[in-house]
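S.K.: This is the structure I want to talk about, given as structure tokens.
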Amino acid sequence: MSKKQSNQPTTDNQSLLGYFAKQEKVFPKRVWGQYRKLKWAAMIVLLGIYYCVPFLRWERGPGLPDQAVLIDLPARRAYWFWIEIWPQEVFILTGVLILAAIALFFITSMLGRVWCGYACPQTVWTDLFVWVERIIQGDRNARKKLQQGPWTWEKFYKLTVTHLIWLAIAWATAGSFVLYFNDAPTLVKSFFEFDVSSTVMIFILSLTFSTYLMAGFAREQVCTYMCPYARFQSAMFDKDTLIIGYDSERGETRGKHKKGESWDNRGDCIDCTACVQVCPTGIDIRDGLQMECIACGLCVDACNNIMDKVGRPRGLVRYDTANHMAAKVKGGEEKFKFFRIRTIYYGALLCFVGGLMLYALLSRAPVELHVLHDRNPLFVQLSSGEIRNGYTIKILNKTHDHKLYHLSVDGLPDAQIDVSAAGDIDADSLYVPADSVSSYHINIRSNVDPDAPRDIVFTLEDHDQEVRDTYDAKFITKRK
Amino acid sequence: MSDDKHKPEIDEVSGVETTGHEWDGLQELNNPLPRWWVWVWLISIVWSIWYFVIYPAWPVPGGATEGTSGYTQYKELAESQAEIVARQAAYLERFEEASLEQIVNDPELYAFAVAGGASAFKDNCATCHGTGAEGAKGYPNLNDDDWLWGGRLSDIHQTLEYGIRADNWDTRMSQMPAFGKDGLLNAQEINAVVDYVLGLSGDEHHGDAHGAGAEIFQQQCASCHGTDGKGLREFGAPNLTDKIWLYGGDHATVYETVYYARAGMMPAWGGRLDENTIKQLTVYLHQLGGGEESVSNDEQEAIKPANH
Ligand code: SF4
Ligand code: SF4
């Protein structure tokens, strides 16, 4: 017969909707154990970081935001403690995402779906919402009875309280998200004064709604049907990846067991379904590794508690690798292999990209020069016989001081630089305010042979000669 | 194909119920879609109907259904244009008051003038002078430092306002004689003067400073182009000693110039563009690279009346 019949989605072909599977609400039972402790710890740390970080301060100097982590969209700046990112440096953000992806591959190939089990926001918030549900409505059976039973006054007020708390959490979640894009204390204050812009309000409302929907209702459906990562991570698994496994060799043949009965000729699994009752995705781990399993380890805790009670060794359900399990069946022991081609190349890739990013951050120039040659006209013949080329230059002053820069050009005989700008500005005193970009149009004239285009180099220095940047450009002298 | 609804078959390997459909031994597994997915699908259909009603959506002959909200991108464009005009109003007021001299010394007004001038140039001037003001044969390059009628702010402003050989009383006006066509000089004399003129700008193959060409130049040409050939801006007579030739600097072209004469035209923009636009254009052209030192205070006064 079928192994999976228990959690096969059922359809009744009576109506049109009957062709589609109804969501079976999962009522995870409370459990205590080492992985549950780990999950609580992870949740407290992660939620703590999420809700508190916007309030951390970091002194940057006058006129600049003092929020440690801030994405300032109107000013087009991102701040992360001592790191400041300009729009032309978003590649650093891209790099962070790439780094995160590789780190995920690395961890997954070694330890399986630890991200899913402990760190994914979907998991963390679902866990939090289930906890609220349990506090208000009781454990698995009480909840099941209440929610599936008829409407009573008790059902009404318990559900109302649950949903109100859920909404409050969702609201706080959405509000915190917005704080990363605004000065947190100011925004919080304006909340209490009922003086928030409609953009902020729309963001908060839609994020509140999505949090409420995802953690309150969609839950394991997100992992099973929506999340791409849940699907493609099998590509990172191999037989040496840690997974949650049921030791069927030891557990079968399963069956009820009475105290004092012999354990001979039978398996250790007493078919108590504790592992199924605690599972937040509602599956039976004894059916083998399944796509739905987020490797939260709660079934391990549940089973270990049962084994302790009946006096059998722990680990009937455990973290293990497929290779190790197979080796045990043959009577051998196999060591857990950390170093495999897969983990080595993910690890190497991680170091490489990490190093590249570190280099990019450390070599971030305090000033940058960009030069764009005029397209039309490419050059101008002057009455004296000299030739003139026009350029638009952009100077990025990433320091926190106002600066005067000096621009020079190499590779042209008696080059003369004229700046077209309001008032008297010359190439010796190009002003750029702190933490901003200035753009100037300049003309360069020179008495060159109009034979071939010249390669020239612009050099920009600040007045204390502390920082400089160069830019290679062309000086065009004739039509092709 | 079996059609037994009440006793679903179960696939041995996967443990999944089959649909009962079978083709040559292949069975279809019944892995149903989640029901909420169907709801999302239905809601998106409802949403699209709402959208069709609210917004312009369906193409019909001669346009599209209008939508009850009355939204169109044209309207949105008009609104954002109105917004920009409103934002400019503050500048325009200051701009109107300011003299050209003040504008080029005020970073804000200057940026406003250059930006506005650049777009007005593309709309009105680029047809003749090119999009980069690079000019063409007979149409001066406005980037260089060679000006027929002068390159100070006031000169440029006057040229823009009244044009050159245009249809109004104040236009800049002069007329070069058609020396060959009107029989003032014969072919040999023209050749001699052309050689002399080419020599002025430093081409060594030509130009005998004391020959026949020089003599003809002093008699016929110097009154406008100056005894040294450096031109005279009052008459828009070009400097013949520099490296810039409006019509071409080879012998044949200069011969043609002397034979038939040249008289370029530019319309007066005074009546067609408003004064602010003309001021913007003036500043824009002045900063292209050839603009000459600003006007003195007296001259500043002199332009003022032209503003009316
Ligand atoms: S399956 Fe996807 S959504 Fe679910 S826990 Fe894993 S990563 Fe998160
Ligand atoms: S089977 Fe176990 S590890 Fe997997 S999701 Fe369920 S409880 Fe968590």
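Please note that chains go A, B, ... in the order of the structure tokens, that every chain numbers its residues from 1, and that ligands are numbered from 1 in the order shown.
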If you count only C-alpha atoms and all ligand atoms, which residues end up within 6 Å of ligand 1, as a list of chain:residue names?

M.R.: A:Cys116, A:Gly117, A:Cys120, A:Gln122, A:Thr123, A:Val222, A:Cys223, A:Cys227, A:Tyr229, A:Ala230, A:Ile294

S.K.: Write the residues you've just listed into a file as a PDB file, in the first residue's frame, and include N, CA, C and O atoms for each of them.

M.R.:
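Listing of part-v3.pdb after writing:
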ATOM      1  N   CYS A 116      16.072  27.371   6.267  1.00  0.00           N
ATOM      2  CA  CYS A 116      14.624  27.193   6.328  1.00  0.00           C
ATOM      3  C   CYS A 116      14.171  26.929   7.752  1.00  0.00           C
ATOM      4  O   CYS A 116      13.166  27.449   8.213  1.00  0.00           O
ATOM      5  N   GLY A 117      14.902  26.089   8.452  1.00  0.00           N
ATOM      6  CA  GLY A 117      14.457  25.639   9.755  1.00  0.00           C
ATOM      7  C   GLY A 117      14.547  26.703  10.830  1.00  0.00           C
ATOM      8  O   GLY A 117      13.732  26.723  11.752  1.00  0.00           O
ATOM      9  N   CYS A 120      14.825  31.679   8.223  1.00  0.00           N
ATOM     10  CA  CYS A 120      14.000  32.335   7.200  1.00  0.00           C
ATOM     11  C   CYS A 120      12.868  33.122   7.864  1.00  0.00           C
ATOM     12  O   CYS A 120      12.199  32.636   8.781  1.00  0.00           O
ATOM     13  N   GLN A 122       9.972  33.699   6.980  1.00  0.00           N
ATOM     14  CA  GLN A 122       8.714  32.964   6.909  1.00  0.00           C
ATOM     15  C   GLN A 122       8.602  32.001   8.091  1.00  0.00           C
ATOM     16  O   GLN A 122       7.575  31.908   8.754  1.00  0.00           O
ATOM     17  N   THR A 123       9.683  31.299   8.372  1.00  0.00           N
ATOM     18  CA  THR A 123       9.704  30.355   9.488  1.00  0.00           C
ATOM     19  C   THR A 123       9.590  31.088  10.825  1.00  0.00           C
ATOM     20  O   THR A 123       8.803  30.705  11.697  1.00  0.00           O
ATOM     21  N   VAL A 222       3.610  28.575   1.869  1.00  0.00           N
ATOM     22  CA  VAL A 222       4.655  29.395   1.251  1.00  0.00           C
ATOM     23  C   VAL A 222       5.851  28.513   0.906  1.00  0.00           C
ATOM     24  O   VAL A 222       6.374  28.536  -0.198  1.00  0.00           O
ATOM     25  N   CYS A 223       6.257  27.683   1.875  1.00  0.00           N
ATOM     26  CA  CYS A 223       7.421  26.827   1.658  1.00  0.00           C
ATOM     27  C   CYS A 223       7.140  25.782   0.590  1.00  0.00           C
ATOM     28  O   CYS A 223       7.999  25.439  -0.217  1.00  0.00           O
ATOM     29  N   CYS A 227       7.946  29.163  -2.469  1.00  0.00           N
ATOM     30  CA  CYS A 227       9.357  29.503  -2.314  1.00  0.00           C
ATOM     31  C   CYS A 227      10.220  28.751  -3.317  1.00  0.00           C
ATOM     32  O   CYS A 227      10.226  27.523  -3.357  1.00  0.00           O
ATOM     33  N   TYR A 229      13.420  28.700  -3.359  1.00  0.00           N
ATOM     34  CA  TYR A 229      14.600  28.125  -2.719  1.00  0.00           C
ATOM     35  C   TYR A 229      14.307  26.723  -2.219  1.00  0.00           C
ATOM     36  O   TYR A 229      15.130  25.820  -2.307  1.00  0.00           O
ATOM     37  N   ALA A 230      13.090  26.517  -1.716  1.00  0.00           N
ATOM     38  CA  ALA A 230      12.715  25.202  -1.242  1.00  0.00           C
ATOM     39  C   ALA A 230      12.855  24.172  -2.359  1.00  0.00           C
ATOM     40  O   ALA A 230      13.180  23.018  -2.125  1.00  0.00           O
ATOM     41  N   ILE A 294      11.182  21.393   6.338  1.00  0.00           N
ATOM     42  CA  ILE A 294      12.055  22.555   6.421  1.00  0.00           C
ATOM     43  C   ILE A 294      13.202  22.332   7.406  1.00  0.00           C
ATOM     44  O   ILE A 294      13.911  23.255   7.763  1.00  0.00           O
TER      45      ILE A 294
END

S.K.: Can I get the residues close to ligand 2 as an MDAnalysis selection string, where close means within 9 Å and we count only C-alpha atoms and all ligand atoms?

M.R.: chainID A and resid 28 117 243:245 275:286 288:290 292:302 317:319

S.K.: Quick check, in Å to one decimal: how far apart do CA of Asp271 in chain A and CA of Lys29 in chain A lie?

M.R.: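 Going from CA of Asp271 in chain A over to CA of Lys29 in chain A covers 16.2 Å.
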
S.K.: Using only C-alpha atoms and a cut-off of 9 Å, which residues of chain B sit close to chain A? Please list them as a ChimeraX atom specification.

M.R.: /B:5,10-17,31-38,103-111,130-134,141,143-146,241-244,287-290

S.K.: Write out as CSV the residues of range 44-75 of chain A that have any atom within 12 Å of an atom of range 397-408 of chain A, one row each with the nearest atom pair and its distance in Å to one decimal, counting only C-alpha atoms, sorted by chain and then rising number.

M.R.:
residue,atom,partner,partner_atom,distance
A:Arg60,CA,A:His400,CA,8.4
A:Gly61,CA,A:His400,CA,7.3
A:Pro62,CA,A:His400,CA,8.4
A:Gly63,CA,A:His400,CA,9.1
A:Leu64,CA,A:His400,CA,8.6
A:Pro65,CA,A:His400,CA,11.9

S.K.: May I have the residues from that selection written out with N, CA, C and O atoms, as a PDB file, in the first residue's frame?

M.R.:
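Result saved to result-v3.pdb:
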ATOM      1  N   ARG A  60      28.304  60.596  12.232  1.00  0.00           N
ATOM      2  CA  ARG A  60      28.957  60.731  10.937  1.00  0.00           C
ATOM      3  C   ARG A  60      29.411  62.154  10.643  1.00  0.00           C
ATOM      4  O   ARG A  60      30.031  62.412   9.635  1.00  0.00           O
ATOM      5  N   GLY A  61      29.026  63.068  11.477  1.00  0.00           N
ATOM      6  CA  GLY A  61      29.421  64.436  11.189  1.00  0.00           C
ATOM      7  C   GLY A  61      28.220  65.292  10.874  1.00  0.00           C
ATOM      8  O   GLY A  61      27.121  64.765  10.676  1.00  0.00           O
ATOM      9  N   PRO A  62      28.430  66.596  10.825  1.00  0.00           N
ATOM     10  CA  PRO A  62      27.304  67.512  10.677  1.00  0.00           C
ATOM     11  C   PRO A  62      26.597  67.323   9.338  1.00  0.00           C
ATOM     12  O   PRO A  62      27.232  67.060   8.319  1.00  0.00           O
ATOM     13  N   GLY A  63      25.290  67.446   9.374  1.00  0.00           N
ATOM     14  CA  GLY A  63      24.518  67.399   8.138  1.00  0.00           C
ATOM     15  C   GLY A  63      24.279  65.997   7.628  1.00  0.00           C
ATOM     16  O   GLY A  63      23.596  65.811   6.628  1.00  0.00           O
ATOM     17  N   LEU A  64      24.849  64.989   8.279  1.00  0.00           N
ATOM     18  CA  LEU A  64      24.670  63.626   7.798  1.00  0.00           C
ATOM     19  C   LEU A  64      23.848  62.832   8.812  1.00  0.00           C
ATOM     20  O   LEU A  64      23.910  63.094  10.004  1.00  0.00           O
ATOM     21  N   PRO A  65      23.083  61.863   8.327  1.00  0.00           N
ATOM     22  CA  PRO A  65      22.231  61.102   9.238  1.00  0.00           C
ATOM     23  C   PRO A  65      23.078  60.313  10.231  1.00  0.00           C
ATOM     24  O   PRO A  65      24.153  59.832   9.887  1.00  0.00           O
TER      25      PRO A  65
END

S.K.: How many Å lie between CA of Phe55 in chain A and CA of Ser176 in chain A, rounded to one decimal?

M.R.: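 Pair CA of Phe55 in chain A / CA of Ser176 in chain A returns 9.8 Å.
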
S.K.: Could you tell me, as a ChimeraX atom specification, which residues of range 311-384 of chain A DSSP assigns to helix (DSSP H, G or I) when given the backbone?

M.R.: /A:322-329,341-362

S.K.: Would you write out those residues with C-alpha atoms, as an mmCIF file, in the first residue's frame?

M.R.:
data_model
loop_
_atom_site.group_PDB
_atom_site.id
_atom_site.type_symbol
_atom_site.label_atom_id
_atom_site.label_comp_id
_atom_site.auth_asym_id
_atom_site.auth_seq_id
_atom_site.Cartn_x
_atom_site.Cartn_y
_atom_site.Cartn_z
ATOM 1 C CA ALA A 322 22.236 9.584 3.817
ATOM 2 C CA ASN A 323 25.695 8.003 3.520
ATOM 3 C CA HIS A 324 26.052 7.604 7.238
ATOM 4 C CA MET A 325 22.650 5.994 7.574
ATOM 5 C CA ALA A 326 23.431 3.564 4.774
ATOM 6 C CA ALA A 327 26.794 2.718 6.303
ATOM 7 C CA LYS A 328 25.185 2.012 9.647
ATOM 8 C CA VAL A 329 22.816 -0.444 8.059
ATOM 9 C CA ILE A 341 34.362 18.853 -3.643
ATOM 10 C CA ARG A 342 31.052 20.644 -3.279
ATOM 11 C CA THR A 343 31.777 22.254 0.074
ATOM 12 C CA ILE A 344 35.324 23.104 -0.987
ATOM 13 C CA TYR A 345 34.273 24.950 -4.081
ATOM 14 C CA TYR A 346 31.413 26.730 -2.396
ATOM 15 C CA GLY A 347 33.866 27.659 0.362
ATOM 16 C CA ALA A 348 36.489 28.836 -2.117
ATOM 17 C CA LEU A 349 33.902 30.868 -3.992
ATOM 18 C CA LEU A 350 32.774 32.395 -0.716
ATOM 19 C CA CYS A 351 36.319 33.467 0.162
ATOM 20 C CA PHE A 352 36.924 34.797 -3.333
ATOM 21 C CA VAL A 353 33.791 36.937 -3.506
ATOM 22 C CA GLY A 354 34.252 38.026 0.103
ATOM 23 C CA GLY A 355 37.815 39.102 -0.642
ATOM 24 C CA LEU A 356 36.712 40.973 -3.735
ATOM 25 C CA MET A 357 34.109 42.859 -1.741
ATOM 26 C CA LEU A 358 36.557 43.664 1.005
ATOM 27 C CA TYR A 359 38.941 45.017 -1.588
ATOM 28 C CA ALA A 360 36.178 47.103 -3.170
ATOM 29 C CA LEU A 361 35.290 48.554 0.220
ATOM 30 C CA LEU A 362 38.824 49.255 1.327
#

S.K.: Give me, please, the distance in Å between CA of Trp40 in chain A and CA of Asp287 in chain A, quoted to one decimal.

M.R.: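 We find that CA of Trp40 in chain A and CA of Asp287 in chain A lie 27.1 Å from each other.
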
S.K.: For Tyr259 in chain B, find every residue with an atom within 9 Å (counting only C-alpha atoms), except residues of its own chain fewer than 3 positions away, and show them as a PDB file with N, CA and C atoms, in the first residue's frame.

M.R.:
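To be explicit, this is the file written out as result38.pdb:
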ATOM      1  N   PRO B 177      30.100  93.529 -52.472  1.00  0.00           N
ATOM      2  CA  PRO B 177      29.872  93.594 -53.921  1.00  0.00           C
ATOM      3  C   PRO B 177      30.217  92.282 -54.597  1.00  0.00           C
ATOM      4  N   ALA B 178      29.477  91.936 -55.645  1.00  0.00           N
ATOM      5  CA  ALA B 178      29.813  90.758 -56.447  1.00  0.00           C
ATOM      6  C   ALA B 178      30.837  91.190 -57.477  1.00  0.00           C
ATOM      7  N   PHE B 179      32.123  91.093 -57.074  1.00  0.00           N
ATOM      8  CA  PHE B 179      33.177  91.711 -57.890  1.00  0.00           C
ATOM      9  C   PHE B 179      33.255  91.169 -59.306  1.00  0.00           C
ATOM     10  N   GLY B 180      33.054  89.879 -59.484  1.00  0.00           N
ATOM     11  CA  GLY B 180      33.147  89.297 -60.820  1.00  0.00           C
ATOM     12  C   GLY B 180      31.870  89.476 -61.604  1.00  0.00           C
ATOM     13  N   LYS B 181      30.793  89.158 -61.001  1.00  0.00           N
ATOM     14  CA  LYS B 181      29.508  89.159 -61.691  1.00  0.00           C
ATOM     15  C   LYS B 181      29.146  90.564 -62.151  1.00  0.00           C
ATOM     16  N   ASP B 182      29.442  91.517 -61.305  1.00  0.00           N
ATOM     17  CA  ASP B 182      29.103  92.889 -61.660  1.00  0.00           C
ATOM     18  C   ASP B 182      30.222  93.584 -62.416  1.00  0.00           C
ATOM     19  N   GLY B 183      31.234  92.832 -62.814  1.00  0.00           N
ATOM     20  CA  GLY B 183      32.280  93.373 -63.667  1.00  0.00           C
ATOM     21  C   GLY B 183      33.214  94.355 -62.999  1.00  0.00           C
ATOM     22  N   LEU B 185      35.890  93.469 -61.205  1.00  0.00           N
ATOM     23  CA  LEU B 185      37.240  92.933 -61.381  1.00  0.00           C
ATOM     24  C   LEU B 185      37.182  91.856 -62.445  1.00  0.00           C
ATOM     25  N   ALA B 187      38.911  88.303 -64.264  1.00  0.00           N
ATOM     26  CA  ALA B 187      39.335  87.011 -63.713  1.00  0.00           C
ATOM     27  C   ALA B 187      40.747  87.070 -63.170  1.00  0.00           C
ATOM     28  N   ILE B 190      40.868  88.954 -59.952  1.00  0.00           N
ATOM     29  CA  ILE B 190      40.293  88.168 -58.845  1.00  0.00           C
ATOM     30  C   ILE B 190      41.302  87.125 -58.382  1.00  0.00           C
ATOM     31  N   VAL B 254      37.210  80.525 -52.557  1.00  0.00           N
ATOM     32  CA  VAL B 254      37.400  81.952 -52.287  1.00  0.00           C
ATOM     33  C   VAL B 254      37.171  82.750 -53.582  1.00  0.00           C
ATOM     34  N   TYR B 255      37.588  82.189 -54.715  1.00  0.00           N
ATOM     35  CA  TYR B 255      37.336  82.831 -56.011  1.00  0.00           C
ATOM     36  C   TYR B 255      35.829  83.026 -56.181  1.00  0.00           C
ATOM     37  N   GLU B 256      35.087  81.977 -55.895  1.00  0.00           N
ATOM     38  CA  GLU B 256      33.633  82.047 -56.029  1.00  0.00           C
ATOM     39  C   GLU B 256      33.064  83.127 -55.099  1.00  0.00           C
TER      40      GLU B 256
END

S.K.: Residues near Thr321 in chain A, anyone? I mean within 6 Å using only C-alpha atoms, not counting same-chain ones fewer than 6 positions away, as a JSON list (two decimals) with C-alpha atoms, in the first residue's frame.

M.R.:
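Final output, around.json:
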[["chain", "number", "residue", "atom", "x", "y", "z"],
["A", 240, "ASP", "CA", 26.83, 13.74, 2.71],
["A", 241, "THR", "CA", 24.48, 16.59, 3.47],
["A", 242, "LEU", "CA", 22.89, 16.67, 6.90],
["A", 243, "ILE", "CA", 19.18, 15.99, 6.71]]

S.K.: DSSP on the backbone: what in range 76-306 of chain B comes out strand (DSSP E or B), as a ChimeraX atom specification?

M.R.: /B:136,139,164,172,232,237,266

S.K.: Can you pull out every residue within 12 Å of Tyr79 in chain A, counting only C-alpha atoms, but drop anything in the same chain fewer than 6 positions away, and send it as JSON, numbers by chain?

M.R.: {"A": [54, 56, 57, 58, 59, 60, 64, 65, 66, 67, 68, 69, 70, 71, 72, 73, 85, 86, 87, 89, 90, 92, 93, 180, 181, 182, 183]}

S.K.: With N, CA, C and O atoms retained, write the just-selected residues as a tab-separated table (two decimals), in the first residue's frame.

M.R.:
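Dumped everything to result02.tsv:
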chain	number	residue	atom	x	y	z
A	54	PRO	N	17.23	49.70	13.68
A	54	PRO	CA	16.98	51.08	13.22
A	54	PRO	C	17.26	52.14	14.28
A	54	PRO	O	17.45	53.29	13.95
A	56	LEU	N	19.82	52.08	16.41
A	56	LEU	CA	21.25	52.27	16.67
A	56	LEU	C	21.72	53.56	16.03
A	56	LEU	O	21.31	53.90	14.92
A	57	ARG	N	22.60	54.27	16.74
A	57	ARG	CA	23.11	55.55	16.22
A	57	ARG	C	24.57	55.39	15.83
A	57	ARG	O	25.28	54.54	16.36
A	58	TRP	N	25.02	56.22	14.93
A	58	TRP	CA	26.40	56.18	14.48
A	58	TRP	C	26.78	57.59	14.02
A	58	TRP	O	26.22	58.08	13.04
A	59	GLU	N	27.69	58.19	14.73
A	59	GLU	CA	28.02	59.59	14.45
A	59	GLU	C	28.78	59.72	13.12
A	59	GLU	O	29.76	59.02	12.88
A	60	ARG	N	28.30	60.60	12.23
A	60	ARG	CA	28.96	60.73	10.94
A	60	ARG	C	29.41	62.15	10.64
A	60	ARG	O	30.03	62.41	9.64
A	64	LEU	N	24.85	64.99	8.28
A	64	LEU	CA	24.67	63.63	7.80
A	64	LEU	C	23.85	62.83	8.81
A	64	LEU	O	23.91	63.09	10.00
A	65	PRO	N	23.08	61.86	8.33
A	65	PRO	CA	22.23	61.10	9.24
A	65	PRO	C	23.08	60.31	10.23
A	65	PRO	O	24.15	59.83	9.89
A	66	ASP	N	22.58	60.20	11.46
A	66	ASP	CA	23.35	59.47	12.47
A	66	ASP	C	22.73	58.11	12.75
A	66	ASP	O	22.93	57.54	13.81
A	67	GLN	N	21.96	57.60	11.79
A	67	GLN	CA	21.38	56.27	11.97
A	67	GLN	C	22.37	55.23	11.44
A	67	GLN	O	22.86	55.35	10.32
A	68	ALA	N	22.65	54.21	12.24
A	68	ALA	CA	23.70	53.26	11.88
A	68	ALA	C	23.38	52.54	10.58
A	68	ALA	O	24.22	52.38	9.71
A	69	VAL	N	22.13	52.09	10.44
A	69	VAL	CA	21.74	51.39	9.22
A	69	VAL	C	20.58	52.15	8.60
A	69	VAL	O	19.52	52.24	9.20
A	70	LEU	N	20.80	52.71	7.44
A	70	LEU	CA	19.78	53.56	6.84
A	70	LEU	C	19.90	53.53	5.33
A	70	LEU	O	20.99	53.61	4.77
A	71	ILE	N	18.75	53.39	4.68
A	71	ILE	CA	18.73	53.55	3.23
A	71	ILE	C	17.98	54.84	2.97
A	71	ILE	O	16.77	54.92	3.20
A	72	ASP	N	18.72	55.86	2.57
A	72	ASP	CA	18.15	57.18	2.40
A	72	ASP	C	17.82	57.36	0.92
A	72	ASP	O	18.66	57.77	0.13
A	73	LEU	N	16.58	57.02	0.55
A	73	LEU	CA	16.24	57.03	-0.87
A	73	LEU	C	16.25	58.43	-1.48
A	73	LEU	O	16.81	58.62	-2.55
A	85	ILE	N	27.33	54.05	0.97
A	85	ILE	CA	27.27	53.62	-0.42
A	85	ILE	C	26.53	54.64	-1.26
A	85	ILE	O	25.43	55.07	-0.92
A	86	TRP	N	27.14	55.01	-2.38
A	86	TRP	CA	26.53	55.93	-3.33
A	86	TRP	C	25.85	55.12	-4.42
A	86	TRP	O	26.16	53.94	-4.61
A	87	PRO	N	24.98	55.78	-5.19
A	87	PRO	CA	24.25	55.01	-6.21
A	87	PRO	C	25.19	54.28	-7.17
A	87	PRO	O	24.91	53.17	-7.58
A	89	GLU	N	27.73	52.89	-6.54
A	89	GLU	CA	28.39	51.77	-5.88
A	89	GLU	C	27.41	50.67	-5.50
A	89	GLU	O	27.72	49.83	-4.67
A	90	VAL	N	26.23	50.68	-6.13
A	90	VAL	CA	25.27	49.64	-5.76
A	90	VAL	C	25.82	48.26	-6.04
A	90	VAL	O	25.30	47.28	-5.54
A	92	ILE	N	28.12	47.07	-4.76
A	92	ILE	CA	28.46	46.52	-3.45
A	92	ILE	C	27.24	45.79	-2.87
A	92	ILE	O	27.36	44.69	-2.34
A	93	LEU	N	26.06	46.40	-3.06
A	93	LEU	CA	24.84	45.71	-2.60
A	93	LEU	C	24.64	44.42	-3.38
A	93	LEU	O	24.28	43.38	-2.82
A	180	TYR	N	13.88	51.49	8.49
A	180	TYR	CA	15.18	51.37	7.83
A	180	TYR	C	15.35	52.41	6.72
A	180	TYR	O	16.43	52.60	6.21
A	181	PHE	N	14.25	53.03	6.33
A	181	PHE	CA	14.32	54.00	5.23
A	181	PHE	C	14.10	55.43	5.70
A	181	PHE	O	14.03	56.34	4.90
A	182	ASN	N	13.93	55.60	6.99
A	182	ASN	CA	13.69	56.93	7.55
A	182	ASN	C	14.45	57.05	8.86
A	182	ASN	O	14.83	56.04	9.45
A	183	ASP	N	14.61	58.26	9.31
A	183	ASP	CA	15.21	58.43	10.63
A	183	ASP	C	14.25	57.87	11.67
A	183	ASP	O	13.13	58.37	11.84

S.K.: With distances taken over only C-alpha atoms, which of B:Ala90, B:Leu200, B:Ala212, B:Leu148 is nearest to Asp228 in chain B?

M.R.: B:Leu200

S.K.: I'd like to know which of B:Ala252, B:Ala98, B:Ile216, B:Leu160 is closest to Asp274 in chain B, using only C-alpha atoms.

M.R.: B:Leu160

S.K.: Please provide as a PyMOL selection string all residues within 10 Å of range 140-149 of chain A, with the sequence filter that same-chain residues fewer than 3 positions apart are discarded (counting only C-alpha atoms).

M.R.: chain A and resi 25-30+133-134+136-137+152+154-156+158-159+277-278

S.K.: Would you pick out the contacts of Thr127 in chain B at 12 Å or less, using only C-alpha atoms, so that residues sharing its chain but fewer than 6 positions from it are not included, and give the list as a list in words?

M.R.: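 Answer for this query is Ala120, Phe121, Ala133, Glu134, Gly135, Ala136, Tyr139 and Met266 of chain B.
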